[in-house]
Amino acid sequence: MIDRPLFIAVMFLLAISLMMTYSLSVYTVVHFEYNSWHFFVRQLMAVAIGFLSIIILSRLDPDRWFIPLGISIFIFFFILMFAMQFFPSSIVRSVGGAKRWIHAGPLSIAPVEFFKITTADNVTMDGFIVKPLNFDPSKKYPVVFYVYTEPAGATVKDEYGVGNNRLYTGNMAADGYIYISLDGRGTPAPKGAAWRKAIYRKIGMTNIHDQAMATKKILEWPFVDTSRIAVWGWSGGASTTLNLLFQYPEIYKTGIAVAAVANQLTYDNIYQERYMGLPQENLQDFVNGSPVTHAKNLRGNLLYVHGTGDDNVHYQNAEMLINELVKYNRQFQLMSYPNRTHSIREGEGTSLHLATLYTNYLKAHCPGGGK
C-alpha cells in the first residue's frame, strides 16, 4: 500500500531539488560564463540528484519498490538537464561576458558546420560557419568573422558552445548573419611543427595574410555579400581585427576591436618575445606586425573599445592608436571604460553596455539579412 502523504512529500522534495539545480545552473552561467564547464556542472548536478533520489526512495520502503521509480526520476532529470542547455543559454549569451542575466530571445538552433578552405598560397585552414535561420542560398548575406589567430589559442574547436557570439544581444542566425571563424598558421592546431613555427617573428603579418587570403576565397561563395564583411576580436583578436581593417581595407568593411595590442613593443615580454624574438635583434618585425604601423590605411568603419585600467594590454595602446588615426584624419568610434581591466566587466551595467554597444554598431554598419 502506497503511503500517499509520504509519496507527496518525496515528490515535493524532488521538485525543490530541481529548482535548486536550475538556480545553481544559472548561477554557474552568470559567474563562470556559458561554456562546456557550465554544461558539465549541470549534468553533474543531474546525476547527483538522480542518485540521491534512488537512495532516499529505496530507504523509504523495506520492499524497495521505489527503486524503479528512483531510476526513472534519475533518467528524467538527466534528460531534462541536457535539454535545458538550449534555454538558459539564450538568457546569458546576450550579456557580453556572461555576467548579467537578461532574456534576449531563444537560442539559435542553427547548426555549427566545420569546413576546410585552401588559400591561393596552398594553406589549408579549418573553419566553422553558422548560417542564418531559414538560409536561402539564392540570397546574399553579411559575414561576421570572429578572429584570434595568434599562437596562444584556436577558435575552431569541436567543443560545446563553439559558434556562439557572447557580445551579440539577440540571435545572429535569426537576424540574418553568417558567422565564421578560421584558424591559420601558428594557431595550436595538431598540424605539426612547421604549422606552429610559421608565425615566429611574423605575428601581425603571416596570420593576417592567412585570414585575408581565406576570406577572399569565401567572398567567392555566391551567398556572401562582399559589401557587408565585418570582423571582430578581443585582445590578440582585436589586434588581428585592426590589422585586417588596415592591411586589407578592400576586404573588411567594418571592425570591432576590444582591448587590442596596438603596438607590440608595449606588450609583456613573456608572451611577445616568446613568439617574436628580441626587439634588439629584429625590431622591424615588431613594427611591421603592429596595427599602429598601418592605421593610416583605415577606410572602413571601426569601433575601438578599451578599459583604462587594463593591466594586461595597457591603455597606452589605445592612446597610441588614437594618435595615429587622428594624425591621418581617420574617423572612428571610441569607447573607453574608466578603470575597467582587460575583461571589461567591472562595474554595474558594464557587460550589458558593451554588448549593446557592440550589437548596435554591427547592425548600423553591417546590417543583417539576405538580399
# chains A, B, ... in the order shown; residues from 1 in each chain; ligands from 1
$ select_by_dssp --residues "stretch 163-360 of chain A" --states "alpha helix (DSSP H)" --output "number ranges by chain"
A: 193-197, 206-218, 236-247, 269-276, 279-288, 291-294, 316-327, 350-360
$ closest_atom_pairs --of "stretch 159-226 of chain A" --to "stretch 287-303 of chain A" --cutoff "12 Å" --atoms "only C-alpha atoms" --output "JSON lines"
{"residue": "A:Ile199", "atom": "CA", "partner": "A:Gly289", "partner_atom": "CA", "distance": 10.9}
{"residue": "A:Tyr200", "atom": "CA", "partner": "A:Gly289", "partner_atom": "CA", "distance": 11.4}
{"residue": "A:Arg201", "atom": "CA", "partner": "A:Gly289", "partner_atom": "CA", "distance": 8.8}
{"residue": "A:Lys202", "atom": "CA", "partner": "A:Gly289", "partner_atom": "CA", "distance": 6.8}
{"residue": "A:Ile203", "atom": "CA", "partner": "A:Gly289", "partner_atom": "CA", "distance": 5.7}
{"residue": "A:Gly204", "atom": "CA", "partner": "A:Gly289", "partner_atom": "CA", "distance": 3.8}
{"residue": "A:Met205", "atom": "CA", "partner": "A:Gly289", "partner_atom": "CA", "distance": 5.5}
{"residue": "A:Thr206", "atom": "CA", "partner": "A:Gly289", "partner_atom": "CA", "distance": 9.0}
{"residue": "A:Asn207", "atom": "CA", "partner": "A:Gly289", "partner_atom": "CA", "distance": 9.7}
{"residue": "A:Ile208", "atom": "CA", "partner": "A:Gly289", "partner_atom": "CA", "distance": 9.0}
{"residue": "A:His209", "atom": "CA", "partner": "A:Gly289", "partner_atom": "CA", "distance": 11.1}
$ write_last_selection --atoms "N, CA and C atoms" --output "short mmCIF file (atom, residue, chain, number, x, y, z; two decimals), in the first residue's frame"
data_model
loop_
_atom_site.label_atom_id
_atom_site.label_comp_id
_atom_site.auth_asym_id
_atom_site.auth_seq_id
_atom_site.Cartn_x
_atom_site.Cartn_y
_atom_site.Cartn_z
N ILE A 199 54.60 31.24 -37.74
CA ILE A 199 54.26 32.58 -37.28
C ILE A 199 55.39 33.22 -36.46
N TYR A 200 56.48 32.47 -36.22
CA TYR A 200 57.56 33.02 -35.41
C TYR A 200 58.14 34.28 -36.06
N ARG A 201 58.18 35.35 -35.27
CA ARG A 201 58.61 36.67 -35.71
C ARG A 201 57.68 37.29 -36.77
N LYS A 202 56.50 36.69 -36.95
CA LYS A 202 55.61 37.17 -38.01
C LYS A 202 54.17 37.40 -37.51
N ILE A 203 53.98 37.57 -36.20
CA ILE A 203 52.66 37.92 -35.70
C ILE A 203 52.27 39.29 -36.27
N GLY A 204 51.08 39.37 -36.79
CA GLY A 204 50.65 40.61 -37.43
C GLY A 204 50.93 40.64 -38.91
N MET A 205 51.59 39.60 -39.40
CA MET A 205 51.88 39.51 -40.83
C MET A 205 51.35 38.17 -41.40
N THR A 206 51.98 37.07 -40.99
CA THR A 206 51.58 35.76 -41.52
C THR A 206 50.13 35.44 -41.17
N ASN A 207 49.75 35.63 -39.93
CA ASN A 207 48.37 35.30 -39.53
C ASN A 207 47.36 36.21 -40.22
N ILE A 208 47.72 37.46 -40.43
CA ILE A 208 46.83 38.40 -41.11
C ILE A 208 46.68 38.01 -42.59
N HIS A 209 47.78 37.66 -43.20
CA HIS A 209 47.75 37.24 -44.60
C HIS A 209 46.88 36.00 -44.78
#
$ closest_atom_pairs --of "stretch 182-301 of chain A" --to "stretch 135-158 of chain A" --cutoff "8 Å" --atoms "only C-alpha atoms" --output "tab-separated table"
residue	atom	partner	partner_atom	distance
A:Leu182	CA	A:Val156	CA	6.4
A:Asp183	CA	A:Thr149	CA	5.9
A:Gly184	CA	A:Thr149	CA	6.3
A:Arg185	CA	A:Thr149	CA	7.9
A:Gly186	CA	A:Pro151	CA	5.1
A:Thr187	CA	A:Pro151	CA	4.5
A:Pro188	CA	A:Gly153	CA	6.0
A:Ala189	CA	A:Ala154	CA	7.1
A:Arg196	CA	A:Pro151	CA	7.4
A:Ile199	CA	A:Pro151	CA	7.7
A:Ile203	CA	A:Glu150	CA	7.0
A:Asn207	CA	A:Thr149	CA	6.0
A:Ile208	CA	A:Thr149	CA	7.9
A:Pro222	CA	A:Lys140	CA	7.1
A:Phe223	CA	A:Lys140	CA	4.3
A:Val224	CA	A:Lys140	CA	4.9
A:Asp225	CA	A:Lys140	CA	4.9
A:Thr226	CA	A:Pro142	CA	7.5
A:Ser227	CA	A:Pro142	CA	7.8
A:Arg228	CA	A:Pro142	CA	4.8
A:Ile229	CA	A:Val143	CA	5.1
A:Ala230	CA	A:Val144	CA	4.7
A:Val231	CA	A:Phe145	CA	4.5
A:Trp232	CA	A:Tyr146	CA	5.3
A:Gly233	CA	A:Val147	CA	5.3
A:Trp234	CA	A:Tyr148	CA	7.4
A:Gly236	CA	A:Tyr148	CA	5.8
A:Gly237	CA	A:Tyr148	CA	3.7
A:Ala238	CA	A:Tyr148	CA	7.4
A:Thr240	CA	A:Tyr148	CA	6.6
A:Thr241	CA	A:Val147	CA	7.0
A:Tyr275	CA	A:Pro151	CA	7.8
$ write_last_selection --atoms "N, CA and C atoms" --output "mmCIF file, in the first residue's frame"
data_model
loop_
_atom_site.group_PDB
_atom_site.id
_atom_site.type_symbol
_atom_site.label_atom_id
_atom_site.label_comp_id
_atom_site.auth_asym_id
_atom_site.auth_seq_id
_atom_site.Cartn_x
_atom_site.Cartn_y
_atom_site.Cartn_z
ATOM 1 N N LEU A 182 38.149 31.245 -38.489
ATOM 2 C CA LEU A 182 39.178 30.486 -39.202
ATOM 3 C C LEU A 182 40.463 30.434 -38.374
ATOM 4 N N ASP A 183 41.122 29.297 -38.378
ATOM 5 C CA ASP A 183 42.423 29.146 -37.715
ATOM 6 C C ASP A 183 43.507 29.009 -38.770
ATOM 7 N N GLY A 184 44.420 29.961 -38.797
ATOM 8 C CA GLY A 184 45.517 29.932 -39.757
ATOM 9 C C GLY A 184 46.800 29.413 -39.151
ATOM 10 N N ARG A 185 47.869 29.583 -39.878
ATOM 11 C CA ARG A 185 49.175 29.101 -39.427
ATOM 12 C C ARG A 185 49.589 29.779 -38.125
ATOM 13 N N GLY A 186 50.168 28.978 -37.256
ATOM 14 C CA GLY A 186 50.605 29.480 -35.960
ATOM 15 C C GLY A 186 49.677 29.131 -34.826
ATOM 16 N N THR A 187 48.404 28.903 -35.133
ATOM 17 C CA THR A 187 47.459 28.533 -34.082
ATOM 18 C C THR A 187 47.737 27.109 -33.606
ATOM 19 N N PRO A 188 47.385 26.804 -32.347
ATOM 20 C CA PRO A 188 47.708 25.483 -31.787
ATOM 21 C C PRO A 188 46.789 24.375 -32.286
ATOM 22 N N ALA A 189 46.823 24.146 -33.581
ATOM 23 C CA ALA A 189 46.106 23.023 -34.190
ATOM 24 C C ALA A 189 47.097 21.872 -34.363
ATOM 25 N N ARG A 196 53.069 25.408 -36.659
ATOM 26 C CA ARG A 196 53.175 26.219 -35.448
ATOM 27 C C ARG A 196 54.266 27.277 -35.580
ATOM 28 N N ILE A 199 54.601 31.240 -37.736
ATOM 29 C CA ILE A 199 54.261 32.584 -37.276
ATOM 30 C C ILE A 199 55.393 33.221 -36.461
ATOM 31 N N ILE A 203 53.984 37.572 -36.195
ATOM 32 C CA ILE A 203 52.656 37.923 -35.705
ATOM 33 C C ILE A 203 52.269 39.291 -36.272
ATOM 34 N N ASN A 207 49.748 35.629 -39.926
ATOM 35 C CA ASN A 207 48.373 35.299 -39.531
ATOM 36 C C ASN A 207 47.356 36.210 -40.221
ATOM 37 N N ILE A 208 47.724 37.459 -40.433
ATOM 38 C CA ILE A 208 46.828 38.399 -41.110
ATOM 39 C C ILE A 208 46.676 38.013 -42.587
ATOM 40 N N PRO A 222 28.608 32.212 -53.575
ATOM 41 C CA PRO A 222 27.527 33.004 -54.196
ATOM 42 C C PRO A 222 26.564 33.639 -53.200
ATOM 43 N N PHE A 223 26.517 33.143 -51.970
ATOM 44 C CA PHE A 223 25.562 33.678 -50.997
ATOM 45 C C PHE A 223 26.194 34.695 -50.041
ATOM 46 N N VAL A 224 27.406 35.146 -50.338
ATOM 47 C CA VAL A 224 28.109 36.116 -49.491
ATOM 48 C C VAL A 224 28.008 37.508 -50.100
ATOM 49 N N ASP A 225 27.605 38.473 -49.295
ATOM 50 C CA ASP A 225 27.518 39.871 -49.724
ATOM 51 C C ASP A 225 28.860 40.541 -49.444
ATOM 52 N N THR A 226 29.646 40.783 -50.470
ATOM 53 C CA THR A 226 31.003 41.319 -50.292
ATOM 54 C C THR A 226 31.014 42.752 -49.767
ATOM 55 N N SER A 227 29.875 43.419 -49.805
ATOM 56 C CA SER A 227 29.811 44.787 -49.289
ATOM 57 C C SER A 227 29.515 44.826 -47.792
ATOM 58 N N ARG A 228 29.192 43.660 -47.224
ATOM 59 C CA ARG A 228 28.889 43.580 -45.796
ATOM 60 C C ARG A 228 29.780 42.516 -45.144
ATOM 61 N N ILE A 229 31.035 42.884 -44.960
ATOM 62 C CA ILE A 229 32.017 41.986 -44.341
ATOM 63 C C ILE A 229 32.534 42.654 -43.073
ATOM 64 N N ALA A 230 32.281 42.018 -41.946
ATOM 65 C CA ALA A 230 32.706 42.559 -40.654
ATOM 66 C C ALA A 230 33.647 41.582 -39.961
ATOM 67 N N VAL A 231 34.443 42.104 -39.036
ATOM 68 C CA VAL A 231 35.380 41.282 -38.283
ATOM 69 C C VAL A 231 35.462 41.834 -36.867
ATOM 70 N N TRP A 232 35.623 40.927 -35.903
ATOM 71 C CA TRP A 232 35.766 41.394 -34.529
ATOM 72 C C TRP A 232 36.643 40.433 -33.732
ATOM 73 N N GLY A 233 37.222 40.961 -32.665
ATOM 74 C CA GLY A 233 38.046 40.140 -31.784
ATOM 75 C C GLY A 233 38.405 40.894 -30.522
ATOM 76 N N TRP A 234 38.922 40.166 -29.577
ATOM 77 C CA TRP A 234 39.283 40.710 -28.260
ATOM 78 C C TRP A 234 40.759 40.399 -28.011
ATOM 79 N N GLY A 236 44.332 39.709 -28.448
ATOM 80 C CA GLY A 236 45.057 39.390 -29.677
ATOM 81 C C GLY A 236 44.140 39.369 -30.877
ATOM 82 N N GLY A 237 42.888 38.976 -30.660
ATOM 83 C CA GLY A 237 41.906 39.012 -31.744
ATOM 84 C C GLY A 237 41.561 40.428 -32.162
ATOM 85 N N ALA A 238 41.640 41.365 -31.215
ATOM 86 C CA ALA A 238 41.424 42.774 -31.557
ATOM 87 C C ALA A 238 42.580 43.312 -32.375
ATOM 88 N N THR A 240 44.322 41.511 -34.395
ATOM 89 C CA THR A 240 44.060 40.941 -35.716
ATOM 90 C C THR A 240 42.991 41.733 -36.452
ATOM 91 N N THR A 241 41.932 42.106 -35.734
ATOM 92 C CA THR A 241 40.865 42.899 -36.336
ATOM 93 C C THR A 241 41.410 44.197 -36.911
ATOM 94 N N TYR A 275 57.225 34.587 -29.046
ATOM 95 C CA TYR A 275 56.814 34.319 -30.422
ATOM 96 C C TYR A 275 57.427 35.267 -31.450
#
$ select_by_dssp --residues "stretch 234-311 of chain A" --states "strand (DSSP E or B)" --output "PDB file with C-alpha atoms, in the first residue's frame"
ATOM      1  CA  TRP A 234      39.283  40.710 -28.260  1.00  0.00           C
ATOM      2  CA  THR A 254      33.560  47.016 -40.514  1.00  0.00           C
ATOM      3  CA  GLY A 255      35.586  46.069 -37.466  1.00  0.00           C
ATOM      4  CA  ILE A 256      35.048  45.955 -33.712  1.00  0.00           C
ATOM      5  CA  ALA A 257      38.250  45.670 -31.689  1.00  0.00           C
ATOM      6  CA  VAL A 258      38.278  45.233 -27.916  1.00  0.00           C
ATOM      7  CA  ASN A 301      34.105  51.501 -40.019  1.00  0.00           C
ATOM      8  CA  LEU A 302      35.967  50.984 -36.751  1.00  0.00           C
ATOM      9  CA  LEU A 303      34.657  50.718 -33.210  1.00  0.00           C
ATOM     10  CA  TYR A 304      37.524  50.620 -30.743  1.00  0.00           C
ATOM     11  CA  VAL A 305      36.947  49.619 -27.098  1.00  0.00           C
ATOM     12  CA  HIS A 306      39.420  49.580 -24.203  1.00  0.00           C
ATOM     13  CA  GLY A 307      39.403  49.712 -20.407  1.00  0.00           C
TER      14      GLY A 307
END
$ closest_residue --among "A:Lys131, A:His353, A:Lys116, A:His314" --to "A:Lys217" --atoms "only C-alpha atoms"
A:Lys116
$ residues_around --residues "A:Pro111" --least-positions-apart "3" --cutoff "9 Å" --atoms "only C-alpha atoms" --output "PyMOL selection string"
chain A and resi 108+129-131+163
$ write_last_selection --atoms "N, CA and C atoms" --output "PDB file, in the first residue's frame"
ATOM      1  N   SER A 108      19.631  30.291 -30.862  1.00  0.00           N
ATOM      2  CA  SER A 108      19.608  29.816 -32.240  1.00  0.00           C
ATOM      3  C   SER A 108      19.837  28.314 -32.280  1.00  0.00           C
ATOM      4  N   ILE A 129      31.290  27.625 -39.452  1.00  0.00           N
ATOM      5  CA  ILE A 129      30.319  28.559 -40.013  1.00  0.00           C
ATOM      6  C   ILE A 129      28.951  28.287 -39.405  1.00  0.00           C
ATOM      7  N   VAL A 130      28.262  29.346 -39.026  1.00  0.00           N
ATOM      8  CA  VAL A 130      26.871  29.275 -38.595  1.00  0.00           C
ATOM      9  C   VAL A 130      26.071  30.111 -39.585  1.00  0.00           C
ATOM     10  N   LYS A 131      25.184  29.457 -40.308  1.00  0.00           N
ATOM     11  CA  LYS A 131      24.394  30.144 -41.325  1.00  0.00           C
ATOM     12  C   LYS A 131      23.101  30.685 -40.715  1.00  0.00           C
ATOM     13  N   GLY A 163      30.735  28.672 -31.819  1.00  0.00           N
ATOM     14  CA  GLY A 163      29.776  29.270 -32.735  1.00  0.00           C
ATOM     15  C   GLY A 163      28.900  30.320 -32.099  1.00  0.00           C
TER      16      GLY A 163
END
$ atom_distance --atom1 "atom CA of A:Ala214" --atom2 "atom CA of A:Met125"
7.7 Å
$ residues_around --residues "A:Asp310" --least-positions-apart "6" --cutoff "7 Å" --atoms "only C-alpha atoms" --output "ChimeraX atom specification"
/A:340-342
$ write_last_selection --atoms "N, CA and C atoms" --output "PDB file, in the first residue's frame"
ATOM      1  N   ARG A 340      38.270  49.965 -16.022  1.00  0.00           N
ATOM      2  CA  ARG A 340      37.975  48.549 -16.254  1.00  0.00           C
ATOM      3  C   ARG A 340      39.247  47.834 -16.691  1.00  0.00           C
ATOM      4  N   THR A 341      39.341  46.576 -16.341  1.00  0.00           N
ATOM      5  CA  THR A 341      40.515  45.780 -16.685  1.00  0.00           C
ATOM      6  C   THR A 341      40.352  45.176 -18.076  1.00  0.00           C
ATOM      7  N   HIS A 342      41.177  44.205 -18.366  1.00  0.00           N
ATOM      8  CA  HIS A 342      41.191  43.599 -19.702  1.00  0.00           C
ATOM      9  C   HIS A 342      39.870  42.897 -20.029  1.00  0.00           C
TER      10      HIS A 342
END
$ atom_distance --atom1 "atom CA of A:Thr119" --atom2 "atom CA of A:Leu242"
21.3 Å
$ atom_distance --atom1 "atom CA of A:Tyr267" --atom2 "atom CA of A:Leu283"
13.7 Å
